[in-house]
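Okay, data-v8.txt now, which holds compact mmCIF, C-alpha atoms and all ligand atoms:
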# COMPACT_ATOMS: atom_id res chain seq x y z
CA LEU A 1 7.40 -15.18 16.81
CA LYS A 2 11.04 -14.32 16.52
CA ILE A 3 11.69 -10.58 16.63
CA VAL A 4 14.82 -9.59 14.75
CA ARG A 5 16.24 -6.05 14.88
CA THR A 6 19.38 -6.33 12.76
CA ILE A 7 20.18 -7.56 9.26
CA ALA A 8 23.02 -9.73 10.62
CA LYS A 9 20.65 -11.61 12.92
CA LEU A 10 18.09 -12.34 10.21
CA GLN A 11 19.13 -15.92 9.59
CA LEU A 12 16.49 -17.94 7.78
CA ASP A 13 16.37 -21.63 6.87
CA ARG A 14 16.87 -21.34 3.14
CA THR A 15 15.97 -24.96 2.47
CA LYS A 16 12.36 -23.85 3.12
CA SER A 17 10.14 -21.55 1.05
CA ILE A 18 9.84 -18.01 2.41
CA ALA A 19 6.91 -15.64 1.99
CA PHE A 20 7.45 -12.01 2.93
CA VAL A 21 5.01 -9.23 3.85
CA PRO A 22 6.58 -5.75 4.05
CA THR A 23 4.63 -3.38 6.32
CA MET A 24 4.88 -0.13 8.21
CA GLY A 25 3.03 -1.59 11.21
CA ALA A 26 -0.17 -0.29 12.83
CA PHE A 27 -1.79 -3.54 11.73
CA HIS A 28 -5.43 -3.82 10.74
CA GLU A 29 -7.39 -6.62 9.07
CA GLY A 30 -5.85 -5.69 5.70
CA HIS A 31 -2.34 -6.48 6.96
CA LEU A 32 -3.54 -9.66 8.66
CA ALA A 33 -5.11 -10.83 5.38
CA LEU A 34 -1.70 -10.42 3.67
CA MET A 35 -0.02 -12.41 6.44
CA ARG A 36 -2.63 -15.20 6.16
CA ARG A 37 -2.04 -15.33 2.41
CA ALA A 38 1.70 -15.58 3.05
CA ARG A 39 1.06 -18.33 5.62
CA GLU A 40 -0.76 -20.37 2.95
CA ALA A 41 1.88 -19.69 0.30
CA ALA A 42 5.13 -20.77 1.97
CA GLU A 43 6.72 -22.62 4.87
CA ILE A 44 8.27 -19.59 6.57
CA VAL A 45 6.48 -16.23 6.94
CA VAL A 46 8.58 -13.12 7.46
CA VAL A 47 6.95 -9.74 8.10
CA SER A 48 8.90 -6.49 8.21
CA LEU A 49 7.77 -3.62 10.38
CA PHE A 50 9.55 -0.45 9.36
CA VAL A 51 8.10 3.05 9.07
CA ASN A 52 10.24 4.07 6.14
CA PRO A 53 11.21 7.75 6.41
CA THR A 54 12.28 8.08 2.76
CA GLN A 55 8.77 7.53 1.39
CA PHE A 56 7.26 10.40 3.38
CA VAL A 57 7.33 13.71 1.56
CA ALA A 58 8.23 16.90 3.47
CA GLY A 59 5.29 18.01 5.60
CA GLU A 60 3.69 14.53 5.72
CA ASP A 61 2.90 12.46 8.79
CA TYR A 62 6.19 10.57 9.38
CA ASP A 63 6.48 11.75 13.00
CA ARG A 64 2.89 11.04 13.92
CA TYR A 65 2.43 7.87 11.84
CA PRO A 66 0.74 5.36 14.22
CA ARG A 67 3.26 3.09 15.93
CA ASN A 68 2.40 0.30 18.33
CA GLU A 69 4.93 -2.50 18.04
CA GLU A 70 3.76 -4.58 21.00
CA ARG A 71 0.20 -4.73 19.66
CA ASP A 72 1.52 -5.56 16.17
CA PHE A 73 3.69 -8.37 17.55
CA GLU A 74 0.67 -9.83 19.38
CA LEU A 75 -1.46 -9.78 16.21
CA ALA A 76 1.35 -11.32 14.13
CA ARG A 77 1.84 -14.05 16.73
CA LYS A 78 -1.77 -15.16 16.20
CA ILE A 79 -1.39 -15.71 12.42
CA PRO A 80 1.23 -17.17 13.21
CA VAL A 81 4.09 -15.24 11.64
CA ASP A 82 7.52 -16.86 12.12
CA VAL A 83 9.85 -13.88 11.97
CA MET A 84 9.24 -10.17 12.46
CA PHE A 85 12.03 -8.01 11.07
CA ALA A 86 11.76 -4.65 12.85
CA PRO A 87 14.95 -2.68 12.18
CA SER A 88 15.79 0.86 13.27
CA VAL A 89 16.25 3.65 10.73
CA ALA A 90 20.02 3.56 11.40
CA GLU A 91 20.08 -0.18 10.64
CA MET A 92 18.33 0.36 7.30
CA TYR A 93 20.03 3.56 6.16
CA ALA A 94 23.65 4.61 6.56
CA GLY A 95 23.78 7.50 4.12
CA GLU A 96 23.10 5.58 0.90
CA GLU A 97 23.43 7.38 -2.43
CA THR A 98 21.46 4.85 -4.47
CA VAL A 99 17.82 5.42 -5.27
CA ILE A 100 15.53 3.26 -7.40
CA HIS A 101 13.32 5.30 -9.68
CA VAL A 102 10.69 3.42 -11.65
CA LYS A 103 10.00 5.69 -14.60
CA GLY A 104 6.53 6.10 -16.09
CA VAL A 105 4.18 4.31 -13.73
CA SER A 106 5.57 6.07 -10.63
CA GLU A 107 5.39 9.55 -12.11
CA ARG A 108 1.64 10.04 -12.44
CA TRP A 109 -1.15 10.39 -9.88
CA GLU A 110 0.43 9.79 -6.45
CA GLY A 111 3.79 10.60 -8.02
CA GLU A 112 2.58 14.08 -8.91
CA HIS A 113 1.04 14.76 -5.51
CA ARG A 114 3.79 13.12 -3.46
CA PRO A 115 7.00 13.74 -5.41
CA GLY A 116 9.73 11.28 -4.43
CA HIS A 117 7.31 8.99 -2.58
CA PHE A 118 7.69 6.05 -4.94
CA ASP A 119 11.48 6.39 -5.07
CA GLY A 120 11.37 5.88 -1.31
CA VAL A 121 9.02 2.92 -1.63
CA ALA A 122 10.89 1.22 -4.49
CA THR A 123 14.26 1.67 -2.80
CA VAL A 124 13.20 0.34 0.60
CA VAL A 125 11.29 -2.56 -0.94
CA ALA A 126 14.33 -3.50 -3.04
CA LYS A 127 16.53 -3.31 0.08
CA LEU A 128 14.07 -5.45 2.04
CA PHE A 129 13.91 -8.00 -0.80
CA ASN A 130 17.71 -8.24 -0.73
CA ILE A 131 17.79 -8.55 3.05
CA VAL A 132 15.02 -11.17 3.35
CA ARG A 133 15.52 -12.87 -0.07
CA PRO A 134 11.98 -14.32 -0.09
CA ASN A 135 10.52 -16.65 -2.71
CA ILE A 136 7.20 -14.83 -2.53
CA ALA A 137 6.21 -11.31 -1.48
CA VAL A 138 2.64 -10.27 -0.69
CA PHE A 139 1.22 -6.76 -1.13
CA GLY A 140 -2.23 -5.22 -0.84
CA LEU A 141 -4.07 -3.66 -3.76
CA LYS A 142 -5.32 -0.80 -1.60
CA ASP A 143 -2.14 1.03 -2.69
CA PHE A 144 -2.83 0.14 -6.30
CA GLN A 145 -0.18 2.37 -7.86
CA GLN A 146 2.40 1.04 -5.40
CA ALA A 147 1.53 -2.49 -6.52
CA VAL A 148 2.06 -1.50 -10.16
CA VAL A 149 5.38 0.22 -9.35
CA ILE A 150 6.70 -2.79 -7.42
CA ASP A 151 5.56 -5.22 -10.09
CA ARG A 152 7.39 -3.16 -12.68
CA MET A 153 10.56 -2.91 -10.57
CA VAL A 154 10.62 -6.66 -9.93
CA ARG A 155 10.31 -7.38 -13.65
CA ASP A 156 12.74 -4.68 -14.78
CA LEU A 157 15.44 -5.68 -12.28
CA ASN A 158 14.85 -9.45 -12.63
CA ILE A 159 14.33 -9.77 -8.89
CA PRO A 160 13.90 -13.52 -8.39
CA LEU A 161 10.63 -13.77 -6.51
CA ALA A 162 6.91 -14.13 -7.18
CA LEU A 163 4.53 -11.32 -6.24
CA LEU A 164 1.07 -11.93 -4.82
CA PHE A 165 -1.49 -9.13 -4.61
CA GLU A 166 -4.50 -9.21 -2.32
CA GLU A 167 -7.73 -7.27 -2.70
CA THR A 168 -8.48 -4.40 -0.33
CA VAL A 169 -10.12 -5.27 2.97
CA ARG A 170 -12.96 -2.90 3.81
CA GLU A 171 -14.87 -1.80 6.89
CA GLN A 172 -18.56 -2.77 6.97
CA ASP A 173 -19.52 0.57 5.42
CA GLY A 174 -17.07 0.15 2.52
CA LEU A 175 -14.21 2.35 3.72
CA ALA A 176 -10.89 0.79 2.69
CA MET A 177 -8.92 -0.19 5.79
CA SER A 178 -5.89 2.01 6.31
CA SER A 179 -3.66 2.87 9.25
CA ARG A 180 -4.38 6.51 8.46
CA ASN A 181 -8.14 6.10 9.10
CA ALA A 182 -7.19 6.53 12.77
CA TYR A 183 -6.60 10.24 12.05
CA LEU A 184 -10.24 10.86 11.04
CA SER A 185 -12.58 12.77 13.37
CA PRO A 186 -15.98 11.09 13.98
CA GLU A 187 -17.53 13.45 11.42
CA GLN A 188 -14.83 12.72 8.81
CA ARG A 189 -15.12 8.99 9.52
CA ARG A 190 -18.84 9.22 8.78
CA LEU A 191 -18.11 10.88 5.43
CA ALA A 192 -15.14 8.73 4.40
CA PRO A 193 -17.05 5.74 2.88
CA MET A 194 -18.38 8.09 0.21
CA LEU A 195 -15.08 7.65 -1.62
CA HIS A 196 -15.80 3.96 -2.18
CA GLU A 197 -19.49 4.64 -2.90
CA GLU A 198 -18.54 7.02 -5.72
CA LEU A 199 -16.25 4.41 -7.27
CA GLU A 200 -19.00 1.80 -7.01
CA GLN A 201 -21.46 4.15 -8.64
CA LEU A 202 -19.03 5.01 -11.45
CA SER A 203 -18.30 1.35 -12.10
CA LYS A 204 -22.03 0.69 -12.49
CA SER A 205 -22.64 3.60 -14.87
CA LYS A 206 -22.80 3.08 -18.63
CA SER A 207 -19.71 5.15 -19.32
CA ALA A 208 -17.03 6.87 -17.30
CA GLY A 209 -16.02 9.79 -19.46
CA ASP A 210 -14.98 13.29 -18.36
CA LYS A 211 -18.60 14.20 -17.58
CA GLU A 212 -19.21 11.33 -15.14
CA LEU A 213 -15.81 11.81 -13.49
CA SER A 214 -16.35 15.57 -13.07
CA GLU A 215 -19.80 15.02 -11.58
CA SER A 216 -18.40 12.53 -9.12
CA LYS A 217 -15.58 14.94 -8.16
CA GLU A 218 -18.15 17.67 -7.62
CA ARG A 219 -20.23 15.49 -5.32
CA LEU A 220 -17.13 14.66 -3.30
CA ALA A 221 -16.10 18.32 -3.11
CA LYS A 222 -19.57 19.32 -2.00
CA ALA A 223 -19.46 16.75 0.80
CA GLY A 224 -16.15 18.21 2.04
CA PHE A 225 -13.42 16.22 0.23
CA ALA A 226 -10.51 17.98 -1.46
CA VAL A 227 -10.01 15.66 -4.43
CA ASP A 228 -6.43 15.25 -5.69
CA TYR A 229 -7.46 13.01 -8.56
CA LEU A 230 -10.23 10.67 -9.65
CA ALA A 231 -9.59 8.75 -12.84
CA LEU A 232 -10.20 5.58 -14.81
CA VAL A 233 -6.83 4.09 -15.76
CA ASP A 234 -5.33 1.14 -17.54
CA GLY A 235 -4.35 -1.15 -14.66
CA ALA A 236 -0.95 -1.96 -16.17
CA THR A 237 0.28 1.38 -17.51
CA LEU A 238 -1.80 3.73 -15.31
CA GLU A 239 -2.54 5.80 -18.42
CA PRO A 240 -6.07 7.24 -18.50
CA ALA A 241 -8.57 4.79 -19.96
CA ARG A 242 -12.03 5.21 -21.41
CA LYS A 243 -13.67 1.82 -21.23
CA LEU A 244 -15.35 0.20 -18.28
CA GLU A 245 -13.70 -3.16 -18.82
CA LYS A 246 -11.57 -5.75 -17.08
CA GLY A 247 -8.00 -4.57 -16.63
CA ASN A 248 -9.00 -0.95 -16.11
CA ARG A 249 -9.37 0.55 -12.66
CA PHE A 250 -10.81 3.60 -10.97
CA ILE A 251 -8.31 5.33 -8.71
CA VAL A 252 -8.99 8.17 -6.32
CA ALA A 253 -7.11 10.28 -3.78
CA ALA A 254 -8.84 12.88 -1.67
CA ARG A 255 -8.25 14.72 1.56
CA LEU A 256 -10.63 15.10 4.46
CA GLY A 257 -9.06 17.86 6.52
CA ALA A 258 -5.41 16.90 6.99
CA THR A 259 -6.02 13.21 6.25
CA ARG A 260 -5.35 11.92 2.78
CA LEU A 261 -7.32 8.86 1.69
CA ILE A 262 -6.79 6.72 -1.40
CA ASP A 263 -8.92 3.99 -2.87
CA ASN A 264 -9.43 2.11 -6.12
CA LEU A 265 -11.85 -0.29 -7.76
CA GLY A 266 -11.39 -2.78 -10.54
CA PHE A 267 -13.88 -4.71 -12.64
O1 LIG B 1 2.63 -0.31 1.81
C1 LIG B 1 3.41 -0.06 2.75
O2 LIG B 1 3.10 -0.26 3.93
C2 LIG B 1 4.77 0.50 2.44
O3 LIG B 1 4.73 1.38 1.38
C3 LIG B 1 5.85 -0.58 2.22
C4 LIG B 1 5.53 -1.44 1.01
C5 LIG B 1 5.93 -1.47 3.46
C6 LIG B 1 7.20 0.06 2.00
O4 LIG B 1 7.62 0.82 3.09
Can you give me the file's structure in the form of structure tokens?
Ligand code: PAF
Amino acid sequence: LKIVRTIAKLQLDRTKSIAFVPTMGAFHEGHLALMRRAREAAEIVVVSLFVNPTQFVAGEDYDRYPRNEERDFELARKIPVDVMFAPSVAEMYAGEETVIHVKGVSERWEGEHRPGHFDGVATVVAKLFNIVRPNIAVFGLKDFQQAVVIDRMVRDLNIPLALLFEETVREQDGLAMSSRNAYLSPEQRRLAPMLHEELEQLSKSKSAGDKELSESKERLAKAGFAVDYLALVDGATLEPARKLEKGNRFIVAARLGATRLIDNLGF
């Protein structure tokens, strides 16, 4: 594993195919699944490890976001990843004035609850794409709206790469793996899988209209979740949808204490 800290030192053999996995570190099985997919897809695997400050909204967990580079490097080495790009904030940002804003799909749901978040994501991902210049980039579907935003940006800006999306990796009890699960108290951790259970239950019901969604939100609230949103959406436009059919997706965001969890389920 070659660890590269600066853009200038990121010299890749461009006669070979390159698959790229952007991450913010604190690796779990979900990240490793993306790296394995990248390993299958191309000759060189590059992973970035950068906790991007511009995608954290004021008051969020940027300062306490889990960081453990040495452990991450060890896990990446086992895949094996070829190159780990782990720049400093100063290396990535020098007072830029350019921001990428993906209209429409970034403005709903997470966009409403975390204003500016997707501008931070789209801008850093575009920068990373230009720095690494991969043939393929791999993202997880756990952040479903992020996947839609990036897909849209890549198409709108004619960024010359192929995107691969991998399904969410879950704990045995169904909880979607996330670096933020580490914040949960034992009691919250016990409750957390209910988010996925509700989506499963909704996807098995005959219809998912306002009544079913409200009932599900009520059950979550009663158990102790503060629900930001729970909706059935069109998987391409993220507009609310009515039908339980392929292409549509349930999306949910809810807080347990100070920890915000998101999840989604397709058909
Ligand atoms: O999904 C993430 O970990 C981040 O949002 C990403 C794509 C690495 C951008 O910072």
Once you count all atoms listed in the file, which residues end up within 6 Å of ligand LIG 1 (chain B), and could you hand them over as an MDAnalysis selection string? chainID A and resid 22:24 52 121 125
Selection export as a PDB file, in the frame of the given file, atoms kept: C-alpha atoms:
ATOM      1  CA  PRO A  22       6.580  -5.750   4.050  1.00  0.00           C
ATOM      2  CA  THR A  23       4.630  -3.380   6.320  1.00  0.00           C
ATOM      3  CA  MET A  24       4.880  -0.130   8.210  1.00  0.00           C
ATOM      4  CA  ASN A  52      10.240   4.070   6.140  1.00  0.00           C
ATOM      5  CA  VAL A 121       9.020   2.920  -1.630  1.00  0.00           C
ATOM      6  CA  VAL A 125      11.290  -2.560  -0.940  1.00  0.00           C
TER       7      VAL A 125
END
What's the separation between CA of Asn264 in chain A and CA of His113 in chain A, in Å to one decimal place?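 Going from CA of Asn264 in chain A over to CA of His113 in chain A, I get 16.4 Å.
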To one decimal place in Å, what is the distance between CA of Ala42 in chain A and CA of Asp72 in chain A? 21.1 Å
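Put simply, CA of Phe73 in chain A is 10.1 Å away from CA of Ala26 in chain A.
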Leaving out Phe129 in chain A and any residue of its chain fewer than 2 positions from it, which residues lie within 10 Å of it when counting all atoms listed in the file, given as number ranges by chain? A: 20, 22, 123-127, 131-137, 154, 159-161
Neighbouring residues of Gly30 in chain A were defined as those with any atom within 9 Å, considering only C-alpha atoms; residues of the same chain fewer than 3 positions away were excluded. Please report them as a PyMOL selection string. chain A and resi 27+33-35+140+142+166-170+176-178
Can you work out which one of A:Gly95, A:Gly25, A:Gly209, A:Gly247 has the shortest atom-to-atom distance to Pro66 in chain A, counting all atoms listed in the file?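 For Pro66 in chain A, the nearest of the candidates is A:Gly25.
Take the candidates A:Thr237, A:Ser48, A:Asn158, A:Thr6 and check each one against Trp109 in chain A using all atoms listed in the file; the shortest distance goes to A:Thr237.
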Taking into account all atoms listed in the file, which residue in the set A:Ala221, A:Ala147, A:Leu265, A:Leu141 is nearest to Glu197 in chain A?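 So, comparing all the options, the nearest one is A:Leu265.
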Find the residue from A:Ala182, A:Val83, A:Met194, A:Val47 that sits nearest to Gln11 in chain A; use all atoms listed in the file when measuring.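 Checking each candidate against Gln11 in chain A, we get A:Val83 as the closest.
Counting only C-alpha atoms, the residue from A:Ala8, A:Val148, A:Ile3, A:Val99 that sits nearest to Val233 in chain A is A:Val148.
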Pick the closest to Leu1 in chain A from A:Phe225, A:Phe85, A:Phe250, A:Phe50: which is it, counting all atoms listed in the file? A:Phe85
Close residues, range 100-106 of chain A itself excluded, 7 Å, only C-alpha atoms, min 5 positions apart in chain, as a short mmCIF file (atom, residue, chain, number, x, y, z; two decimals) with C-alpha atoms, in the coordinates of the input:
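What ended up in result.cif:
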data_model
loop_
_atom_site.label_atom_id
_atom_site.label_comp_id
_atom_site.auth_asym_id
_atom_site.auth_seq_id
_atom_site.Cartn_x
_atom_site.Cartn_y
_atom_site.Cartn_z
CA GLY A 111 3.79 10.60 -8.02
CA PHE A 118 7.69 6.05 -4.94
CA ASP A 119 11.48 6.39 -5.07
CA ALA A 122 10.89 1.22 -4.49
CA THR A 123 14.26 1.67 -2.80
CA VAL A 149 5.38 0.22 -9.35
CA MET A 153 10.56 -2.91 -10.57
CA THR A 237 0.28 1.38 -17.51
CA LEU A 238 -1.80 3.73 -15.31
#
